[in-house]
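This is my_file-v3.csv (CSV, C-alpha atoms).
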```csv
chain,number,residue,atom,x,y,z
A,1,MET,CA,68.6,3.6,-29.3
A,2,PRO,CA,68.6,2.3,-25.7
A,3,THR,CA,65.8,3.7,-23.5
A,4,ASN,CA,67.9,3.0,-20.4
A,5,SER,CA,71.1,1.4,-19.3
A,6,LEU,CA,73.1,0.2,-16.3
A,7,LYS,CA,76.5,1.8,-16.2
A,8,THR,CA,77.6,1.4,-12.5
A,9,GLU,CA,77.3,-1.1,-9.7
A,10,GLN,CA,74.9,1.3,-8.0
A,11,ASP,CA,72.7,1.2,-11.1
A,12,CYS,CA,72.8,-2.6,-10.9
A,13,ARG,CA,71.8,-2.5,-7.2
A,14,ASP,CA,68.9,-0.1,-7.9
A,15,PHE,CA,67.7,-2.2,-10.8
A,16,LEU,CA,67.8,-5.3,-8.6
A,17,THR,CA,66.0,-3.6,-5.7
A,18,GLY,CA,63.1,-2.7,-8.0
A,19,LEU,CA,63.1,-6.1,-9.6
A,20,LYS,CA,63.2,-8.0,-6.3
A,21,LEU,CA,60.1,-6.1,-5.1
A,22,MET,CA,58.3,-6.7,-8.4
A,23,GLY,CA,59.2,-10.4,-8.1
A,24,THR,CA,56.5,-10.8,-5.4
A,25,GLY,CA,58.6,-13.3,-3.4
A,26,GLY,CA,60.0,-15.1,-6.4
A,27,GLY,CA,61.7,-14.1,-9.7
A,28,GLY,CA,65.1,-15.6,-8.9
A,29,SER,CA,68.0,-14.7,-6.6
A,30,ALA,CA,69.4,-11.2,-6.2
A,31,VAL,CA,72.8,-12.9,-5.4
A,32,THR,CA,72.6,-14.5,-8.9
A,33,GLY,CA,71.4,-11.2,-10.5
A,34,MET,CA,74.2,-9.2,-8.9
A,35,GLU,CA,76.9,-11.7,-10.0
A,36,LEU,CA,75.6,-11.7,-13.6
A,37,LEU,CA,75.3,-7.9,-13.8
A,38,THR,CA,78.6,-7.0,-12.2
A,39,ALA,CA,80.5,-9.6,-14.2
A,40,ALA,CA,79.0,-8.2,-17.4
A,41,LEU,CA,80.1,-4.7,-16.5
A,42,GLN,CA,83.6,-6.0,-15.9
A,43,GLU,CA,83.5,-7.6,-19.3
A,44,GLY,CA,82.6,-4.2,-20.8
A,45,LEU,CA,79.2,-5.4,-22.0
A,46,GLU,CA,76.5,-2.8,-22.6
A,47,LEU,CA,73.5,-3.5,-20.3
A,48,SER,CA,70.6,-1.7,-21.9
A,49,TRP,CA,67.1,-2.1,-23.2
A,50,ILE,CA,65.0,-0.6,-25.9
A,51,ASP,CA,61.4,0.3,-26.5
A,52,ALA,CA,59.5,-2.4,-28.3
A,53,ALA,CA,58.5,0.2,-30.9
A,54,ASP,CA,62.2,0.4,-31.9
A,55,LEU,CA,62.3,-3.2,-33.0
A,56,PRO,CA,62.7,-3.6,-36.8
A,57,ASP,CA,59.6,-5.1,-38.2
A,58,GLU,CA,61.5,-8.0,-39.7
A,59,ALA,CA,63.1,-9.0,-36.4
A,60,TYR,CA,62.0,-12.0,-34.3
A,61,SER,CA,62.2,-12.2,-30.5
A,62,CYS,CA,62.2,-15.0,-28.1
A,63,THR,CA,62.0,-15.2,-24.3
A,64,VAL,CA,64.5,-16.9,-22.1
A,65,PHE,CA,63.9,-17.9,-18.4
A,66,GLY,CA,64.8,-20.3,-15.6
A,67,SER,CA,62.4,-22.9,-14.5
A,68,GLY,CA,62.5,-24.6,-11.1
A,69,SER,CA,62.0,-24.2,-7.4
A,70,ILE,CA,63.2,-21.2,-5.4
A,71,ALA,CA,63.6,-23.4,-2.3
A,72,GLU,CA,66.7,-23.2,-0.2
A,73,GLY,CA,69.7,-25.3,-1.1
A,74,HIS,CA,69.9,-24.6,-4.9
A,75,PRO,CA,73.1,-22.8,-6.0
A,76,GLU,CA,72.9,-19.0,-6.2
A,77,ASP,CA,76.3,-18.3,-7.8
A,78,GLU,CA,78.9,-19.9,-10.0
A,79,ALA,CA,80.9,-21.2,-7.0
A,80,GLY,CA,77.7,-23.0,-5.8
A,81,ILE,CA,77.2,-24.6,-9.2
A,82,GLU,CA,80.8,-25.7,-9.3
A,83,LYS,CA,80.6,-27.2,-5.9
A,84,LEU,CA,77.4,-29.1,-6.8
A,85,ALA,CA,79.1,-30.3,-10.0
A,86,GLN,CA,82.0,-31.7,-8.0
A,87,GLU,CA,79.5,-33.4,-5.6
A,88,LEU,CA,77.6,-35.0,-8.5
A,89,GLY,CA,80.7,-35.8,-10.5
A,90,ILE,CA,79.5,-34.1,-13.6
A,91,PRO,CA,80.9,-31.1,-15.6
A,92,ASN,CA,79.7,-27.5,-15.1
A,93,ARG,CA,79.7,-26.8,-18.8
A,94,TYR,CA,77.5,-23.7,-19.1
A,95,GLY,CA,76.8,-22.4,-15.6
A,96,PHE,CA,75.0,-19.1,-15.8
A,97,ARG,CA,75.6,-19.0,-19.6
A,98,ALA,CA,73.0,-21.7,-20.1
A,99,PRO,CA,70.4,-19.1,-21.2
A,100,GLU,CA,72.7,-18.0,-24.0
A,101,ALA,CA,73.2,-21.7,-25.1
A,102,ALA,CA,69.4,-22.1,-25.0
A,103,VAL,CA,68.9,-19.2,-27.4
A,104,ARG,CA,71.5,-20.5,-29.8
A,105,GLU,CA,69.9,-23.9,-29.7
A,106,LEU,CA,66.5,-22.5,-30.5
A,107,ALA,CA,67.8,-20.4,-33.4
A,108,THR,CA,69.6,-23.4,-34.9
A,109,TYR,CA,66.5,-25.7,-34.5
A,110,SER,CA,63.9,-23.2,-35.7
A,111,GLY,CA,66.1,-21.7,-38.5
A,112,VAL,CA,65.0,-18.3,-37.4
A,113,LYS,CA,67.5,-15.5,-36.7
A,114,ILE,CA,66.6,-14.2,-33.2
A,115,GLY,CA,67.0,-10.4,-33.2
A,116,ALA,CA,65.8,-9.5,-29.6
A,117,LEU,CA,65.0,-11.0,-26.3
A,118,VAL,CA,62.1,-10.4,-23.9
A,119,ALA,CA,62.1,-11.2,-20.2
A,120,VAL,CA,59.3,-13.6,-19.3
A,121,GLU,CA,58.8,-12.0,-15.9
A,122,LEU,CA,60.2,-9.4,-13.4
A,123,GLY,CA,62.7,-10.6,-10.8
A,124,ALA,CA,66.2,-10.1,-9.5
A,125,GLY,CA,67.5,-13.2,-11.2
A,126,ASN,CA,65.1,-13.9,-14.0
A,127,THR,CA,65.3,-10.4,-15.5
A,128,ALA,CA,69.0,-10.0,-15.0
A,129,ALA,CA,69.7,-13.2,-16.9
A,130,PRO,CA,68.0,-12.2,-20.2
A,131,LEU,CA,69.6,-8.7,-20.0
A,132,VAL,CA,73.1,-10.2,-19.8
A,133,THR,CA,72.3,-12.9,-22.3
A,134,ALA,CA,71.1,-10.2,-24.8
A,135,ALA,CA,74.3,-8.2,-24.3
A,136,ARG,CA,76.5,-11.3,-24.9
A,137,LEU,CA,74.5,-12.2,-28.0
A,138,GLY,CA,74.8,-8.6,-29.3
A,139,ILE,CA,71.0,-8.2,-29.6
A,140,PRO,CA,68.6,-5.8,-27.7
A,141,LEU,CA,66.4,-6.6,-24.8
A,142,VAL,CA,62.9,-5.2,-25.0
A,143,ASP,CA,61.7,-2.8,-22.2
A,144,GLY,CA,59.0,-5.0,-21.0
A,145,ASP,CA,58.1,-8.6,-20.0
A,146,TYR,CA,55.3,-11.1,-20.4
A,147,SER,CA,53.9,-11.1,-16.8
A,148,GLY,CA,54.2,-7.6,-15.2
A,149,ARG,CA,55.6,-9.3,-12.1
A,150,ALA,CA,57.0,-12.8,-11.3
A,151,VAL,CA,54.9,-15.9,-11.9
A,152,PRO,CA,55.3,-19.6,-11.3
A,153,GLN,CA,53.8,-21.0,-14.6
A,154,GLU,CA,53.5,-20.4,-18.3
A,155,MET,CA,49.7,-19.9,-17.8
A,156,GLN,CA,50.3,-16.5,-16.0
A,157,THR,CA,51.8,-14.8,-19.1
A,158,THR,CA,50.4,-12.5,-21.8
A,159,TYR,CA,51.6,-14.9,-24.5
A,160,PHE,CA,49.4,-17.6,-23.0
A,161,LEU,CA,46.4,-15.3,-22.8
A,162,MET,CA,46.9,-14.4,-26.4
A,163,ASP,CA,47.3,-18.0,-27.6
A,164,LYS,CA,50.9,-17.5,-28.8
A,165,SER,CA,52.8,-20.8,-29.2
A,166,ILE,CA,55.3,-21.7,-26.5
A,167,THR,CA,57.0,-24.3,-28.8
A,168,PRO,CA,59.4,-25.0,-30.2
A,169,ALA,CA,61.5,-24.6,-27.0
A,170,ALA,CA,65.1,-25.3,-26.3
A,171,VAL,CA,65.9,-26.3,-22.7
A,172,VAL,CA,69.5,-26.3,-21.4
A,173,ASP,CA,70.9,-26.9,-17.9
A,174,TRP,CA,74.2,-26.0,-16.2
A,175,TRP,CA,75.7,-29.3,-17.0
A,176,GLY,CA,75.3,-29.1,-20.8
A,177,ASP,CA,72.1,-31.2,-21.2
A,178,VAL,CA,70.1,-29.9,-24.2
A,179,ILE,CA,66.4,-30.9,-24.7
A,180,LEU,CA,64.3,-29.6,-27.6
A,181,ILE,CA,60.5,-29.6,-27.2
A,182,LYS,CA,59.0,-29.6,-30.7
A,183,GLU,CA,55.4,-29.6,-29.6
A,184,GLY,CA,53.4,-29.8,-26.4
A,185,ALA,CA,50.0,-31.1,-25.5
A,186,SER,CA,49.2,-27.8,-23.6
A,187,ALA,CA,50.9,-25.0,-21.8
A,188,ALA,CA,50.3,-26.8,-18.5
A,189,MET,CA,52.0,-29.9,-19.8
A,190,ILE,CA,55.0,-28.0,-21.0
A,191,GLU,CA,55.1,-26.2,-17.6
A,192,ARG,CA,55.1,-29.6,-15.9
A,193,ILE,CA,57.8,-31.0,-18.2
A,194,GLY,CA,60.0,-28.0,-17.4
A,195,LYS,CA,59.6,-28.4,-13.7
A,196,MET,CA,60.3,-32.1,-13.8
A,197,LEU,CA,63.4,-31.4,-15.9
A,198,ALA,CA,64.5,-28.9,-13.3
A,199,VAL,CA,64.2,-31.5,-10.6
A,200,ALA,CA,66.2,-34.0,-12.7
A,201,SER,CA,68.9,-31.3,-13.2
A,202,TYR,CA,69.3,-30.7,-9.5
A,203,GLY,CA,68.0,-27.1,-9.5
A,204,VAL,CA,67.1,-25.1,-12.6
A,205,VAL,CA,66.8,-25.5,-16.4
A,206,TYR,CA,66.7,-22.6,-18.8
A,207,PHE,CA,64.1,-22.2,-21.6
A,208,ALA,CA,64.4,-20.3,-24.8
A,209,SER,CA,60.9,-20.2,-26.4
A,210,VAL,CA,58.0,-18.1,-27.7
A,211,LEU,CA,59.3,-17.0,-31.1
A,212,LEU,CA,57.4,-13.9,-32.1
A,213,SER,CA,57.7,-11.4,-34.9
A,214,ALA,CA,58.3,-7.7,-34.0
A,215,PRO,CA,54.6,-6.8,-34.5
A,216,GLU,CA,53.5,-9.8,-32.3
A,217,THR,CA,56.1,-8.9,-29.7
A,218,ARG,CA,54.8,-5.3,-29.5
A,219,GLN,CA,51.2,-6.6,-29.2
A,220,THR,CA,52.1,-9.1,-26.5
A,221,VAL,CA,54.6,-7.5,-24.2
A,222,VAL,CA,53.7,-5.7,-20.9
A,223,PRO,CA,55.5,-2.5,-21.9
A,224,GLY,CA,58.0,-0.4,-19.9
A,225,THR,CA,58.4,-2.7,-16.9
A,226,LEU,CA,62.2,-2.7,-16.9
A,227,THR,CA,62.3,1.1,-16.7
A,228,LEU,CA,59.6,1.0,-14.1
A,229,SER,CA,61.7,-1.5,-12.0
A,230,PHE,CA,64.9,0.6,-12.4
A,231,ASP,CA,63.1,3.8,-11.4
A,232,LEU,CA,61.4,2.0,-8.5
A,233,GLY,CA,64.8,1.0,-7.2
A,234,LYS,CA,66.2,4.5,-7.6
A,235,ALA,CA,63.3,6.0,-5.8
A,236,ILE,CA,63.9,3.6,-2.8
A,237,HIS,CA,67.6,4.4,-2.9
A,238,GLN,CA,67.0,8.2,-3.0
A,239,ALA,CA,64.5,8.0,-0.1
A,240,LEU,CA,67.0,6.2,2.1
A,241,ALA,CA,69.8,8.6,1.1
A,242,SER,CA,67.6,11.6,2.1
A,243,GLY,CA,66.3,10.1,5.3
A,244,LYS,CA,62.8,9.5,4.0
A,245,ASP,CA,60.6,6.4,4.3
A,246,PRO,CA,61.5,3.9,1.6
A,247,ILE,CA,58.2,2.1,1.9
A,248,ALA,CA,56.3,5.4,1.2
A,249,ALA,CA,58.5,6.0,-1.8
A,250,ALA,CA,57.8,2.5,-3.2
A,251,VAL,CA,54.0,2.8,-2.6
A,252,SER,CA,54.0,6.2,-4.3
A,253,HIS,CA,56.0,5.0,-7.3
A,254,LEU,CA,53.7,2.0,-7.8
A,255,ASN,CA,50.5,3.9,-7.1
A,256,GLY,CA,49.9,1.2,-4.6
A,257,TRP,CA,49.0,0.5,-1.0
A,258,HIS,CA,50.7,-0.4,2.3
A,259,PHE,CA,48.1,-2.6,3.8
A,260,PHE,CA,49.8,-4.4,6.7
A,261,SER,CA,52.8,-4.3,9.0
A,262,GLY,CA,54.0,-7.2,11.1
A,263,VAL,CA,56.7,-9.7,12.1
A,264,VAL,CA,57.0,-13.2,10.7
A,265,SER,CA,55.9,-15.7,13.4
A,266,ASP,CA,56.3,-18.8,11.2
A,267,LYS,CA,56.9,-20.0,7.6
A,268,ASP,CA,55.7,-23.4,6.7
A,269,TRP,CA,56.8,-24.7,3.3
A,270,GLN,CA,57.8,-27.6,1.1
A,271,ASP,CA,59.7,-28.1,-2.1
A,272,LYS,CA,57.1,-29.9,-4.2
A,273,GLU,CA,57.5,-31.0,-7.8
A,274,GLY,CA,59.8,-28.3,-8.8
A,275,VAL,CA,58.2,-25.4,-6.9
A,276,MET,CA,58.4,-23.9,-3.4
A,277,VAL,CA,54.9,-23.8,-1.8
A,278,GLY,CA,53.9,-22.6,1.7
A,279,THR,CA,52.5,-19.9,3.9
A,280,ILE,CA,54.0,-17.0,5.7
A,281,HIS,CA,52.4,-16.1,9.1
A,282,LEU,CA,52.6,-12.5,10.3
A,283,GLN,CA,51.6,-10.9,13.6
A,284,GLY,CA,50.7,-7.3,13.4
A,285,THR,CA,52.7,-4.4,14.7
A,286,GLY,CA,52.1,-0.7,15.1
A,287,SER,CA,48.6,0.2,14.0
A,288,TYR,CA,48.1,-3.5,13.1
A,289,ARG,CA,48.9,-4.8,16.5
A,290,GLY,CA,46.5,-7.5,17.6
A,291,GLN,CA,45.8,-8.5,14.0
A,292,ASN,CA,47.3,-11.2,11.8
A,293,MET,CA,47.9,-12.0,8.2
A,294,GLN,CA,48.8,-15.1,6.2
A,295,VAL,CA,50.3,-15.0,2.8
A,296,TRP,CA,50.3,-18.2,0.7
A,297,PHE,CA,52.9,-18.6,-2.0
A,298,LEU,CA,53.7,-20.9,-4.9
A,299,ASN,CA,57.2,-19.6,-5.5
A,300,GLU,CA,55.5,-16.1,-5.6
A,301,ASN,CA,52.9,-14.6,-3.3
A,302,HIS,CA,49.3,-15.2,-4.4
A,303,VAL,CA,46.8,-15.2,-1.6
A,304,SER,CA,46.5,-13.3,1.6
A,305,TRP,CA,44.1,-13.4,4.6
A,306,LEU,CA,43.6,-10.7,7.1
A,307,ASN,CA,42.4,-12.1,10.5
A,308,GLY,CA,41.3,-15.3,8.6
A,309,THR,CA,39.3,-13.5,5.9
A,310,PRO,CA,40.4,-13.6,2.3
A,311,TYR,CA,42.1,-10.3,1.4
A,312,VAL,CA,44.4,-9.2,-1.5
A,313,CYS,CA,45.0,-12.0,-4.1
A,314,SER,CA,46.7,-12.7,-7.4
A,315,PRO,CA,46.7,-11.6,-10.1
A,316,ASP,CA,47.3,-8.3,-8.2
A,317,LEU,CA,50.8,-8.0,-6.6
A,318,ILE,CA,51.5,-8.8,-3.0
A,319,LEU,CA,55.0,-7.5,-2.1
A,320,LEU,CA,56.7,-8.2,1.2
A,321,ALA,CA,59.4,-5.7,2.1
A,322,ASN,CA,61.8,-4.8,4.9
A,323,PRO,CA,60.2,-1.6,6.4
A,324,HIS,CA,63.6,-0.1,7.1
A,325,THR,CA,65.3,-0.5,3.8
A,326,GLY,CA,62.5,-1.0,1.3
A,327,GLU,CA,64.2,-4.2,0.1
A,328,GLY,CA,61.9,-6.9,-1.0
A,329,TYR,CA,61.9,-10.4,0.5
A,330,THR,CA,62.1,-13.5,-1.5
A,331,ASN,CA,60.2,-16.5,-0.1
A,332,THR,CA,63.5,-18.4,0.0
A,333,GLU,CA,65.1,-16.0,2.5
A,334,ILE,CA,62.2,-14.6,4.6
A,335,LYS,CA,62.2,-16.1,8.1
A,336,SER,CA,60.7,-16.0,11.6
A,337,GLY,CA,61.5,-12.6,13.3
A,338,ASP,CA,61.7,-10.6,10.1
A,339,GLU,CA,59.9,-7.3,10.2
A,340,VAL,CA,57.6,-6.9,7.2
A,341,ALA,CA,55.7,-4.2,5.4
A,342,VAL,CA,53.0,-5.7,3.1
A,343,LEU,CA,52.5,-3.7,-0.1
A,344,GLY,CA,50.2,-4.2,-3.0
A,345,CYS,CA,49.5,-2.8,-6.5
A,346,GLN,CA,47.3,-3.5,-9.5
A,347,VAL,CA,48.3,-6.0,-12.1
A,348,HIS,CA,48.4,-5.3,-15.8
A,349,PRO,CA,44.8,-5.2,-17.1
A,350,ALA,CA,45.3,-8.2,-19.4
A,351,PHE,CA,45.4,-10.4,-16.4
A,352,ARG,CA,42.0,-9.2,-15.2
A,353,SER,CA,40.3,-10.7,-18.2
A,354,GLN,CA,38.1,-13.8,-17.7
A,355,LYS,CA,40.9,-16.1,-19.0
A,356,GLY,CA,43.5,-14.2,-16.9
A,357,VAL,CA,41.6,-14.6,-13.6
A,358,ALA,CA,40.8,-18.2,-14.5
A,359,HIS,CA,44.5,-19.0,-14.6
A,360,PHE,CA,45.7,-16.6,-11.9
A,361,GLY,CA,43.0,-16.0,-9.4
A,362,PRO,CA,42.5,-17.8,-6.0
A,363,ARG,CA,40.3,-20.6,-7.5
A,364,TYR,CA,43.1,-21.5,-9.9
A,365,TRP,CA,45.4,-22.1,-6.9
A,366,GLY,CA,42.7,-24.3,-5.2
A,367,PHE,CA,41.0,-21.8,-2.9
A,368,ASP,CA,37.2,-21.6,-2.6
A,369,PHE,CA,36.6,-17.9,-3.1
A,370,ASP,CA,36.7,-15.5,-6.0
A,371,TYR,CA,39.2,-12.8,-7.0
A,372,THR,CA,38.3,-9.3,-5.9
A,373,PRO,CA,40.5,-6.4,-7.4
A,374,ILE,CA,42.8,-4.9,-4.9
A,375,GLU,CA,41.3,-1.4,-5.1
A,376,GLN,CA,37.9,-2.9,-4.1
A,377,VAL,CA,39.3,-4.9,-1.3
A,378,LEU,CA,41.3,-2.1,0.2
A,379,GLY,CA,38.6,0.5,-0.6
A,380,ALA,CA,36.1,-1.6,1.4
A,381,ALA,CA,38.7,-2.1,4.2
A,382,GLN,CA,39.1,1.7,4.5
```
Output the file's structure in the form of structure tokens.
Amino acid sequence: MPTNSLKTEQDCRDFLTGLKLMGTGGGGSAVTGMELLTAALQEGLELSWIDAADLPDEAYSCTVFGSGSIAEGHPEDEAGIEKLAQELGIPNRYGFRAPEAAVRELATYSGVKIGALVAVELGAGNTAAPLVTAARLGIPLVDGDYSGRAVPQEMQTTYFLMDKSITPAAVVDWWGDVILIKEGASAAMIERIGKMLAVASYGVVYFASVLLSAPETRQTVVPGTLTLSFDLGKAIHQALASGKDPIAAAVSHLNGWHFFSGVVSDKDWQDKEGVMVGTIHLQGTGSYRGQNMQVWFLNENHVSWLNGTPYVCSPDLILLANPHTGEGYTNTEIKSGDEVAVLGCQVHPAFRSQKGVAHFGPRYWGFDFDYTPIEQVLGAAQ
């Protein structure tokens, strides 16, 4: 039985509001997510998810996700894909149904009947896509994901931490190109191949991979994160409707912190090898006036500095939100002059393991300082 479902457009908006915040600056486009969800409702599809405990033991799951840069200029809707297809002189064979094609290709190649999907991460586009794909395939989506937030690489997932095989993997783009990755030298190499394929495909490619039995799925998934995101979005919506502070509602729901307020003074970035990388510069406002914060991102937010001193870092979550609406910012859309509330919360404990921090902490991203858990950073700051 479904643990939760989206029945109305407002449900979809609430779900995406929560997912966009949990996307930590990445996780795909909310424009894409809303187009996918509303089209599915209009088709009469059931948009629901189930607890991993309800998966039949004989079922196998896979994950499906988009790989590529979140930089400006990539299509965010079917009209944008069609326009690009016309410019390139190639057909738009799959569009946003490419994830569905990838799952079918993986099932055919592996000879395994896929009975459920799991989102690889939380994000307005990259969680909406597997939800709609599962509905179209007539199989359930599990209430959970493999990252507990959005992440830029395979190495920031629970299946990587638990040495679950990423391959075989089916990769499909909008145009109908299909690539099967039988084996990979390492997770990092598969990640690199995926990003290079995305560059070659003029935007994004969609992976179907990580075939797991139901018991393995239950062992690996970060549980309950879809319901958490939906409830987070509803909490923000209800706060706004009742004239309350949406930021306070989000912080309370996440058991987190509001640790800076400011205005974006600059964003420097580049689209590099299939990812968007850069730094957001904030000048403090209100009680933070006279202070500054920098947030470095690789698609998602990973490292922050307060007045030049290392502050909250991945794997914990750094969330940039509009202080008036509670809506999260993606790093694609945030710009100079935007007002920002900087929030944070703890990551799932699996990512605080030695292996987790080694592939998710600041040293992994090339910075010469160690990860300090957010509760220690902010406890010391207080």
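Between Asp163 (chain A) and the residues A:Ile179, A:Val210, A:Leu306, A:Leu197, the shortest atom-to-atom distance, using all atoms listed in the file, involves A:Val210.
Relative to CA of Thr332 (chain A), CA of Ala30 (chain A) is found at 11.2 Å.
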Excluding same-chain residues fewer than 5 positions from region 314-320 of chain A, what lies within 8 Å of it counting all atoms listed in the file, as a PDB file with C-alpha atoms, keeping the file's coordinate frame?
```pdb
ATOM      1  CA  LEU A  21      60.100  -6.100  -5.100  1.00  0.00           C
ATOM      2  CA  MET A  22      58.300  -6.700  -8.400  1.00  0.00           C
ATOM      3  CA  GLY A  23      59.200 -10.400  -8.100  1.00  0.00           C
ATOM      4  CA  THR A  24      56.500 -10.800  -5.400  1.00  0.00           C
ATOM      5  CA  GLY A  25      58.600 -13.300  -3.400  1.00  0.00           C
ATOM      6  CA  ARG A 149      55.600  -9.300 -12.100  1.00  0.00           C
ATOM      7  CA  ASN A 301      52.900 -14.600  -3.300  1.00  0.00           C
ATOM      8  CA  HIS A 302      49.300 -15.200  -4.400  1.00  0.00           C
ATOM      9  CA  VAL A 303      46.800 -15.200  -1.600  1.00  0.00           C
ATOM     10  CA  GLY A 328      61.900  -6.900  -1.000  1.00  0.00           C
ATOM     11  CA  TYR A 329      61.900 -10.400   0.500  1.00  0.00           C
ATOM     12  CA  VAL A 340      57.600  -6.900   7.200  1.00  0.00           C
ATOM     13  CA  ALA A 341      55.700  -4.200   5.400  1.00  0.00           C
ATOM     14  CA  VAL A 342      53.000  -5.700   3.100  1.00  0.00           C
ATOM     15  CA  LEU A 343      52.500  -3.700  -0.100  1.00  0.00           C
ATOM     16  CA  GLY A 344      50.200  -4.200  -3.000  1.00  0.00           C
ATOM     17  CA  CYS A 345      49.500  -2.800  -6.500  1.00  0.00           C
ATOM     18  CA  GLN A 346      47.300  -3.500  -9.500  1.00  0.00           C
ATOM     19  CA  VAL A 347      48.300  -6.000 -12.100  1.00  0.00           C
ATOM     20  CA  PHE A 351      45.400 -10.400 -16.400  1.00  0.00           C
ATOM     21  CA  ARG A 352      42.000  -9.200 -15.200  1.00  0.00           C
ATOM     22  CA  GLY A 356      43.500 -14.200 -16.900  1.00  0.00           C
ATOM     23  CA  VAL A 357      41.600 -14.600 -13.600  1.00  0.00           C
ATOM     24  CA  PHE A 360      45.700 -16.600 -11.900  1.00  0.00           C
ATOM     25  CA  GLY A 361      43.000 -16.000  -9.400  1.00  0.00           C
ATOM     26  CA  PRO A 362      42.500 -17.800  -6.000  1.00  0.00           C
ATOM     27  CA  TYR A 371      39.200 -12.800  -7.000  1.00  0.00           C
ATOM     28  CA  PRO A 373      40.500  -6.400  -7.400  1.00  0.00           C
ATOM     29  CA  ILE A 374      42.800  -4.900  -4.900  1.00  0.00           C
TER      30      ILE A 374
END
```
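Proximity ranking of A:Met196, A:Glu339, A:Ser213, A:Phe65 relative to Lys164 (chain A) places A:Ser213 first, based on all atoms listed in the file.
Among the candidate residues A:Gln294, A:Gln238, A:Gly144, A:Glu375, the one lying nearest to Gly256 (chain A) is A:Glu375, with distances computed using all atoms listed in the file.
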